[in-house]
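Participant: Just dropping this structure here.
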Amino acid sequence: MDIERGITQALTGLAPPGLSIGCRHIHAGDEQYILPAETASMATREHSARAATGAGRRIAHELLRRLGCMDLAILRGQLGNPIWPPGIAGSIAHDGETAVAVAARSDMLGSVGVDIEPALPLPLELRSLVITPQDRLGGLDPHLGGRILFAVKEATYKASFPLDGRVLGFEDIVVDFETGEAVTSAGRCLTVRFTTSPRILALAYAA
């Protein structure tokens, strides 16, 4: 099974009703899929970063078409956050090789965040930043637990920002894997889901 199909199936397994998902291997030249209006909102980025951005935007544009959206441009906000067209909740992520995107009509999901990470242990120097005493890790794989929590907190931040407009650190998000919920320092509660194969994929959303 190729990696794109595997990731697509994994995300489909995580997705709640109404959420459209997509995946694309990042190719050289994918920056061509960044629309002119999107380019104008982005600071100059190195070539490889623009290719990853283009891959993510190509998926996102297709998801918008599926949802019947006429305006496909997803501008970049001042803090780097994607600004989706009105009536759409969505999220984009990529690792070094693969981009993913998810989108739904906002009457189906209030907000959504996605993250993708390699299925590798989190570097030790990051563990103390990501894991807090309040996190309830349950039966997480001790080998990958830190990386899973990293991805889930990244997805939670992406889902919470459009709702609350707050920049959050890892310490501002508490995850309880026993209940499948994450709570931010602003009091926002989100449902979280993850899988570890073929990549670590994390999804957070508000109904």
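Ligands are numbered from 1 in the order shown, chains are lettered A, B, ... in the order of the structure tokens, and residues start at 1 in each chain.
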DSSP on the backbone, then: every residue of segment 48-165 of chain A marked strand (DSSP E), written as a list of chain:residue names.
Facilitator: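 Written out, the strand (DSSP E) residues of segment 48-165 of chain A are A:Leu75, A:Arg76, A:Pro82, A:Ile83, A:Ile88, A:Ala89, A:Gly90, A:Ser91, A:Ile92, A:Ala93, A:His94, A:Thr98, A:Ala99, A:Val100, A:Ala101, A:Val102, A:Ala103, A:Ala104, A:Arg105, A:Ser111, A:Val112, A:Gly113, A:Val114, A:Asp115, A:Ile116, A:Glu117.
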Participant: Just N, CA, C and O atoms for this one: save the residues we selected as a tab-separated table (two decimals), in the first residue's frame.
Facilitator:
```
chain	number	residue	atom	x	y	z
A	75	LEU	N	-5.80	32.32	2.66
A	75	LEU	CA	-4.73	33.27	2.95
A	75	LEU	C	-4.00	32.90	4.23
A	75	LEU	O	-4.48	32.09	5.03
A	76	ARG	N	-2.84	33.50	4.42
A	76	ARG	CA	-2.07	33.28	5.64
A	76	ARG	C	-2.25	34.48	6.56
A	76	ARG	O	-2.04	35.63	6.16
A	82	PRO	N	-3.75	29.59	8.65
A	82	PRO	CA	-4.53	29.67	7.42
A	82	PRO	C	-5.91	30.28	7.69
A	82	PRO	O	-6.54	29.98	8.70
A	83	ILE	N	-6.33	31.16	6.81
A	83	ILE	CA	-7.64	31.80	6.94
A	83	ILE	C	-8.56	31.17	5.89
A	83	ILE	O	-8.42	31.42	4.70
A	88	ILE	N	-16.37	27.71	6.42
A	88	ILE	CA	-15.53	26.52	6.33
A	88	ILE	C	-14.60	26.44	7.53
A	88	ILE	O	-13.99	27.43	7.93
A	89	ALA	N	-14.50	25.26	8.13
A	89	ALA	CA	-13.49	24.98	9.16
A	89	ALA	C	-12.49	24.02	8.54
A	89	ALA	O	-12.88	23.02	7.92
A	90	GLY	N	-11.20	24.31	8.68
A	90	GLY	CA	-10.22	23.44	8.05
A	90	GLY	C	-8.86	23.55	8.72
A	90	GLY	O	-8.64	24.38	9.59
A	91	SER	N	-7.95	22.69	8.28
A	91	SER	CA	-6.60	22.66	8.83
A	91	SER	C	-5.67	21.98	7.83
A	91	SER	O	-6.10	21.10	7.08
A	92	ILE	N	-4.42	22.40	7.83
A	92	ILE	CA	-3.39	21.86	6.92
A	92	ILE	C	-2.15	21.55	7.75
A	92	ILE	O	-1.82	22.28	8.69
A	93	ALA	N	-1.46	20.47	7.40
A	93	ALA	CA	-0.21	20.11	8.09
A	93	ALA	C	0.69	19.37	7.11
A	93	ALA	O	0.23	18.83	6.10
A	94	HIS	N	1.97	19.34	7.43
A	94	HIS	CA	2.90	18.53	6.64
A	94	HIS	C	4.10	18.16	7.48
A	94	HIS	O	4.45	18.86	8.44
A	98	THR	N	5.14	14.59	3.38
A	98	THR	CA	3.72	14.44	3.06
A	98	THR	C	2.91	15.58	3.64
A	98	THR	O	3.16	16.03	4.77
A	99	ALA	N	1.95	16.05	2.86
A	99	ALA	CA	1.02	17.08	3.33
A	99	ALA	C	-0.37	16.47	3.50
A	99	ALA	O	-0.75	15.57	2.75
A	100	VAL	N	-1.09	16.96	4.48
A	100	VAL	CA	-2.48	16.54	4.70
A	100	VAL	C	-3.33	17.78	4.93
A	100	VAL	O	-2.84	18.82	5.35
A	101	ALA	N	-4.61	17.66	4.63
A	101	ALA	CA	-5.55	18.74	4.91
A	101	ALA	C	-6.90	18.13	5.23
A	101	ALA	O	-7.24	17.03	4.76
A	102	VAL	N	-7.66	18.85	6.04
A	102	VAL	CA	-9.02	18.44	6.40
A	102	VAL	C	-9.91	19.68	6.35
A	102	VAL	O	-9.45	20.79	6.61
A	103	ALA	N	-11.17	19.48	6.00
A	103	ALA	CA	-12.10	20.62	5.94
A	103	ALA	C	-13.52	20.13	6.09
A	103	ALA	O	-13.86	19.00	5.73
A	104	ALA	N	-14.36	21.01	6.63
A	104	ALA	CA	-15.78	20.72	6.81
A	104	ALA	C	-16.55	22.02	6.79
A	104	ALA	O	-15.98	23.10	7.02
A	105	ARG	N	-17.82	21.93	6.51
A	105	ARG	CA	-18.66	23.10	6.68
A	105	ARG	C	-18.78	23.40	8.17
A	105	ARG	O	-18.91	22.49	8.98
A	111	SER	N	-14.72	23.78	14.50
A	111	SER	CA	-13.31	24.01	14.20
A	111	SER	C	-12.61	22.66	14.17
A	111	SER	O	-13.10	21.68	14.77
A	112	VAL	N	-11.47	22.62	13.49
A	112	VAL	CA	-10.73	21.36	13.38
A	112	VAL	C	-9.25	21.66	13.22
A	112	VAL	O	-8.86	22.69	12.67
A	113	GLY	N	-8.42	20.77	13.76
A	113	GLY	CA	-6.97	20.88	13.61
A	113	GLY	C	-6.39	19.52	13.30
A	113	GLY	O	-6.88	18.50	13.81
A	114	VAL	N	-5.35	19.48	12.47
A	114	VAL	CA	-4.71	18.22	12.11
A	114	VAL	C	-3.20	18.39	12.23
A	114	VAL	O	-2.66	19.50	12.06
A	115	ASP	N	-2.51	17.31	12.55
A	115	ASP	CA	-1.05	17.33	12.55
A	115	ASP	C	-0.55	15.97	12.07
A	115	ASP	O	-1.22	14.94	12.25
A	116	ILE	N	0.62	15.97	11.45
A	116	ILE	CA	1.28	14.75	10.99
A	116	ILE	C	2.72	14.79	11.44
A	116	ILE	O	3.40	15.81	11.32
A	117	GLU	N	3.19	13.68	11.99
A	117	GLU	CA	4.55	13.58	12.51
A	117	GLU	C	5.12	12.22	12.15
A	117	GLU	O	4.37	11.24	11.98
```
Participant: Go through A:Leu64, A:Arg199, A:Met70, A:Val183 one by one, measure the shortest atom-to-atom distance of each to Ser20 of chain A using only C-alpha atoms, and give the residue with the smallest value.
Facilitator: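 Nearest to Ser20 of chain A: A:Leu64.
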Participant: So, with only C-alpha atoms as the atoms that count, which of A:Val175, A:Leu126, A:Ile7, A:Leu72 lies closest to Leu35 of chain A?
Facilitator: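 Closest to Leu35 of chain A of all the choices is A:Leu72.
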Participant: I'd like to know which residues of segment 82-206 of chain A are alpha helix (DSSP H) (by DSSP, run on the backbone); could you write them as number ranges by chain?
Facilitator: A: 124-130, 145-164
Participant: For the interface of segment 26-122 of chain A with segment 134-141 of chain A (cut-off 12 Å, counting only C-alpha atoms), please tabulate each contacting residue of segment 26-122 of chain A alongside its nearest pair of atoms and their separation in Å to one decimal, rows sorted by chain and increasing number, as a Markdown table.
Facilitator:
```
| residue | atom | partner | partner_atom | distance |
| --- | --- | --- | --- | --- |
| A:Ala119 | CA | A:Asp141 | CA | 11.3 |
| A:Leu120 | CA | A:Asp141 | CA | 11.4 |
| A:Pro121 | CA | A:Asp141 | CA | 10.1 |
```
Participant: Create the file for the chosen residues now, containing N, CA, C and O atoms and written as a PDB file, in the first residue's frame.
Facilitator:
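Once written, again_32.pdb looks like this:
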```
ATOM      1  N   ALA A 119       6.665   8.597  12.800  1.00  0.00           N
ATOM      2  CA  ALA A 119       6.452   7.646  13.903  1.00  0.00           C
ATOM      3  C   ALA A 119       7.787   7.329  14.557  1.00  0.00           C
ATOM      4  O   ALA A 119       8.296   6.209  14.517  1.00  0.00           O
ATOM      5  N   LEU A 120       8.344   8.353  15.199  1.00  0.00           N
ATOM      6  CA  LEU A 120       9.647   8.270  15.859  1.00  0.00           C
ATOM      7  C   LEU A 120       9.538   8.900  17.241  1.00  0.00           C
ATOM      8  O   LEU A 120       8.707   9.789  17.462  1.00  0.00           O
ATOM      9  N   PRO A 121      10.379   8.480  18.187  1.00  0.00           N
ATOM     10  CA  PRO A 121      10.326   9.089  19.518  1.00  0.00           C
ATOM     11  C   PRO A 121      10.602  10.591  19.453  1.00  0.00           C
ATOM     12  O   PRO A 121      11.353  11.069  18.595  1.00  0.00           O
TER      13      PRO A 121
END
```
Participant: Have a look at atom CA of Val174 of chain A and atom CA of Asn81 of chain A and let me know their distance in Å, one decimal.
Facilitator: 21.5 Å
Participant: With a distance cut-off of 8 Å and only C-alpha atoms, select the neighbouring residues of Ala207 of chain A, excluding the residue or stretch itself and same-chain residues fewer than 5 positions from it, and output the selection as a PyMOL selection string.
Facilitator: chain A and resi 108-111
Participant: Choose the residue, out of A:Arg66, A:His143, A:Lys153, A:Arg5, that has the smallest atom-to-atom separation from Gly18 of chain A; count only C-alpha atoms.
Facilitator: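 For Gly18 of chain A, the nearest of the candidates is A:Arg66.
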Participant: Find the residue from A:Leu129, A:Ala202, A:Pro118, A:Ser197 that sits nearest to Thr156 of chain A; use only C-alpha atoms when measuring.
Facilitator: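 For Thr156 of chain A, the nearest of the given residues is A:Ala202.
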Participant: Counting only C-alpha atoms, which residue out of A:Asp172, A:Glu154, A:Asp107, A:Asp30 sits closest to Thr53 of chain A?
Facilitator: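 Among the listed residues, A:Asp30 lies closest to Thr53 of chain A.
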Participant: Using only C-alpha atoms, which residue out of A:Ala10, A:Ala52, A:Leu124, A:Ala206 lies closest to Leu163 of chain A?
Facilitator: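 Checking each candidate against Leu163 of chain A, we get A:Ala206 as the closest.
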Participant: To one decimal place, how far is atom CA of Thr8 of chain A from atom CA of Arg127 of chain A in Å?
Facilitator: 28.3 Å
